[in-house]
Amino acid sequence: MRKNIVAGNWKMNMDLEKGIQLFNEIQQLLKEEVSGDQEVIICPPYIHLSSLAKALDADVKLSIGAQNCHHADSGAYTGEVSASIIASTGADYVIIGHSERRLYFSESNSLLAQKLDAVLKNGLIPIFCIGETLEQRNGGTYFDVIKEQISEASFHLQGNDYSKMVLAYEPVWAIGTGLTASPEQAQEIHSFIRNLLANKYGQDLADNLTILYGGSCNPKNASELFAQPDIDGGLIGGASLKARDFVDIIKALS
Ligand SMILES: O=C[C@H](O)COP(=O)(O)O
């Protein structure tokens, strides 16, 4: 089923004390101000996962997610964390293929295919990120880039797996830059993604797919972005580090 989701990606920010404080502020504001059907996800650094899961208020509709995982289930991979370990903390989601992972850690589409597989096998929900660089946008190849990212990462997937996933379109040039994609630019790609998957797996699957927008989304531009017919919410970086801004973005998705 297509869902309304706002996910906060804290990236490598917030020590444990500040993280719990922010988490509690967000929970408090959600309780006081949000009564809609929006699903809210917080993706902190790995080591905060258990603490935040324990700090969850039963009266608040909120899920926890990780920002990455290793593709293997266990083994001699010093410093890595698997999807099964993430699942044991109480998390429900894992971000896969964020452009910062692709860029700084050389994660390829084929590696991401294995990670998606691992996440799904462990009963977690991947938030799978795709998006073009500024060079690719200016060079006019962005549709091909998106198509390739989806088709290569689909290697281990069946149509049915997509119904268990969330996709996030994040143009790399809009991430952390203040340069948001216009609602029309974002809608164009979201609709392209939906059509691509409709052609491959059928209209019903595509109609039920949740596709988020990410890239300099803030309380001022969120409503216009979320009003687009194929945008189902946002993956929020910088603005998710301020409880007030994050909750105002959630409220824009109604
Ligand atoms: O995962 C979140 C995205 O990278 C967006 O980050 P941003 O909202 O700081 O541009």
# chains A, B, ... in the order shown; residues from 1 in each chain; ligands from 1
call {"tool": "select_by_dssp", "arguments": {"residues": "segment 106-141 of chain A", "states": "alpha helix (DSSP H)", "output": "PyMOL selection string"}}
result
chain A and resi 109-121+134-138
call {"tool": "residues_around", "arguments": {"residues": "Asn160 of chain A", "least_positions_apart": "6", "cutoff": "12 Å", "atoms": "only C-alpha atoms", "output": "PyMOL selection string"}}
result
chain A and resi 120+154+197+200-202+204-206+208-209
call {"tool": "write_last_selection", "arguments": {"atoms": "C-alpha atoms", "output": "PDB file, in the first residue's frame"}}
result
ATOM      1  CA  LEU A 120      14.466  -7.990   2.737  1.00  0.00           C
ATOM      2  CA  SER A 154      16.871  -5.159  -9.128  1.00  0.00           C
ATOM      3  CA  LEU A 197       8.168  -0.128 -12.538  1.00  0.00           C
ATOM      4  CA  LYS A 200       8.223  -4.037 -15.585  1.00  0.00           C
ATOM      5  CA  TYR A 201       5.964  -5.322 -12.829  1.00  0.00           C
ATOM      6  CA  GLY A 202       2.475  -4.016 -13.604  1.00  0.00           C
ATOM      7  CA  ASP A 204      -0.960  -2.298  -9.591  1.00  0.00           C
ATOM      8  CA  LEU A 205       2.502  -2.642  -8.049  1.00  0.00           C
ATOM      9  CA  ALA A 206       3.552   0.818  -9.288  1.00  0.00           C
ATOM     10  CA  ASN A 208       1.143   1.035  -4.500  1.00  0.00           C
ATOM     11  CA  LEU A 209       4.806   2.026  -4.412  1.00  0.00           C
TER      12      LEU A 209
END
call {"tool": "residues_near_ligand", "arguments": {"ligand": "ligand 1", "cutoff": "7 Å", "atoms": "only C-alpha atoms and all ligand atoms", "output": "list in words"}}
result
Asn9, His98, Glu170, Ala174, Ile175, Gly176, Thr177, Gly178, Gly214, Gly215, Ser216, Cys217, Leu235, Ile236, Gly237, Gly238 and Ala239 of chain A
call {"tool": "write_last_selection", "arguments": {"atoms": "C-alpha atoms", "output": "PDB file, in the first residue's frame"}}
result
ATOM      1  CA  ASN A   9      18.458  10.678   8.224  1.00  0.00           C
ATOM      2  CA  HIS A  98      22.426   6.776  -0.205  1.00  0.00           C
ATOM      3  CA  GLU A 170      17.512  12.201  -4.040  1.00  0.00           C
ATOM      4  CA  ALA A 174      20.197  18.967  -4.005  1.00  0.00           C
ATOM      5  CA  ILE A 175      21.599  17.135  -0.964  1.00  0.00           C
ATOM      6  CA  GLY A 176      22.785  19.509   1.745  1.00  0.00           C
ATOM      7  CA  THR A 177      23.197  22.300  -0.793  1.00  0.00           C
ATOM      8  CA  GLY A 178      20.039  24.361  -0.255  1.00  0.00           C
ATOM      9  CA  GLY A 214      15.106  14.006  -0.564  1.00  0.00           C
ATOM     10  CA  GLY A 215      17.419  16.975  -1.015  1.00  0.00           C
ATOM     11  CA  SER A 216      17.270  20.260   0.932  1.00  0.00           C
ATOM     12  CA  CYS A 217      13.656  19.662   1.893  1.00  0.00           C
ATOM     13  CA  LEU A 235      13.845  11.698   3.271  1.00  0.00           C
ATOM     14  CA  ILE A 236      15.186  14.583   5.317  1.00  0.00           C
ATOM     15  CA  GLY A 237      18.807  15.255   6.261  1.00  0.00           C
ATOM     16  CA  GLY A 238      19.758  18.608   7.837  1.00  0.00           C
ATOM     17  CA  ALA A 239      16.222  19.632   8.798  1.00  0.00           C
TER      18      ALA A 239
END
call {"tool": "residues_around", "arguments": {"residues": "Leu116 of chain A", "least_positions_apart": "4", "cutoff": "7 Å", "atoms": "only C-alpha atoms", "output": "PyMOL selection string"}}
result
chain A and resi 96+112+120+126
call {"tool": "write_last_selection", "arguments": {"atoms": "C-alpha atoms", "output": "PDB file, in the first residue's frame"}}
result
ATOM      1  CA  ILE A  96      20.339   1.553   1.173  1.00  0.00           C
ATOM      2  CA  LEU A 112      23.481  -2.503  -3.416  1.00  0.00           C
ATOM      3  CA  LEU A 120      14.466  -7.990   2.737  1.00  0.00           C
ATOM      4  CA  PRO A 126      14.767  -0.900   2.609  1.00  0.00           C
TER       5      PRO A 126
END
call {"tool": "residues_around", "arguments": {"residues": "Ala66 of chain A", "least_positions_apart": "5", "cutoff": "7 Å", "atoms": "only C-alpha atoms", "output": "VMD selection string"}}
result
chain A and resid 43 to 46 93 to 95
call {"tool": "write_last_selection", "arguments": {"atoms": "N, CA and C atoms", "output": "tab-separated table (two decimals), in the first residue's frame"}}
result
chain	number	residue	atom	x	y	z
A	43	CYS	N	16.39	7.69	11.46
A	43	CYS	CA	17.56	6.86	11.16
A	43	CYS	C	18.81	7.49	11.78
A	44	PRO	N	19.15	7.09	13.01
A	44	PRO	CA	20.32	7.64	13.70
A	44	PRO	C	21.57	6.84	13.35
A	45	PRO	N	22.73	7.24	13.87
A	45	PRO	CA	23.91	6.37	13.74
A	45	PRO	C	23.61	5.00	14.36
A	46	TYR	N	24.26	3.95	13.82
A	46	TYR	CA	24.01	2.58	14.29
A	46	TYR	C	23.94	2.45	15.82
A	93	TYR	N	13.59	-0.29	9.49
A	93	TYR	CA	13.98	0.20	8.17
A	93	TYR	C	15.50	0.25	8.03
A	94	VAL	N	15.99	0.21	6.78
A	94	VAL	CA	17.42	0.44	6.52
A	94	VAL	C	17.54	1.27	5.23
A	95	ILE	N	18.24	2.37	5.31
A	95	ILE	CA	18.53	3.16	4.09
A	95	ILE	C	19.60	2.42	3.31
call {"tool": "atom_distance", "arguments": {"atom1": "atom CA of Gln136 of chain A", "atom2": "atom CA of Ser223 of chain A"}}
result
27.1 Å
call {"tool": "atom_distance", "arguments": {"atom1": "atom CA of Ser254 of chain A", "atom2": "atom CA of Gly234 of chain A"}}
result
12.4 Å
call {"tool": "residues_around", "arguments": {"residues": "segment 57-62 of chain A", "least_positions_apart": "2", "cutoff": "8 Å", "atoms": "only C-alpha atoms", "output": "PyMOL selection string"}}
result
chain A and resi 27+30-31+39-42+55+64
call {"tool": "write_last_selection", "arguments": {"atoms": "N, CA and C atoms", "output": "PDB file, in the first residue's frame"}}
result
ATOM      1  N   GLN A  27       9.292  13.199  19.676  1.00  0.00           N
ATOM      2  CA  GLN A  27       8.145  12.414  20.152  1.00  0.00           C
ATOM      3  C   GLN A  27       7.113  13.311  20.817  1.00  0.00           C
ATOM      4  N   LEU A  30       5.256  15.287  18.220  1.00  0.00           N
ATOM      5  CA  LEU A  30       4.357  14.407  17.454  1.00  0.00           C
ATOM      6  C   LEU A  30       3.082  14.149  18.255  1.00  0.00           C
ATOM      7  N   LYS A  31       3.271  13.927  19.551  1.00  0.00           N
ATOM      8  CA  LYS A  31       2.119  13.644  20.413  1.00  0.00           C
ATOM      9  C   LYS A  31       1.172  14.843  20.487  1.00  0.00           C
ATOM     10  N   GLU A  39       3.631   8.262   8.455  1.00  0.00           N
ATOM     11  CA  GLU A  39       4.540   7.360   9.148  1.00  0.00           C
ATOM     12  C   GLU A  39       5.875   8.095   9.304  1.00  0.00           C
ATOM     13  N   VAL A  40       6.403   8.096  10.510  1.00  0.00           N
ATOM     14  CA  VAL A  40       7.635   8.842  10.778  1.00  0.00           C
ATOM     15  C   VAL A  40       8.747   7.850  11.124  1.00  0.00           C
ATOM     16  N   ILE A  41       9.906   8.056  10.509  1.00  0.00           N
ATOM     17  CA  ILE A  41      11.042   7.150  10.739  1.00  0.00           C
ATOM     18  C   ILE A  41      12.256   7.995  11.117  1.00  0.00           C
ATOM     19  N   ILE A  42      13.001   7.541  12.114  1.00  0.00           N
ATOM     20  CA  ILE A  42      14.258   8.217  12.473  1.00  0.00           C
ATOM     21  C   ILE A  42      15.403   7.241  12.223  1.00  0.00           C
ATOM     22  N   ALA A  55      13.677   4.060  23.994  1.00  0.00           N
ATOM     23  CA  ALA A  55      13.075   5.345  24.393  1.00  0.00           C
ATOM     24  C   ALA A  55      11.742   5.601  23.684  1.00  0.00           C
ATOM     25  N   ILE A  64      12.175   3.198  13.821  1.00  0.00           N
ATOM     26  CA  ILE A  64      13.618   3.460  13.809  1.00  0.00           C
ATOM     27  C   ILE A  64      14.210   2.761  12.593  1.00  0.00           C
TER      28      ILE A  64
END
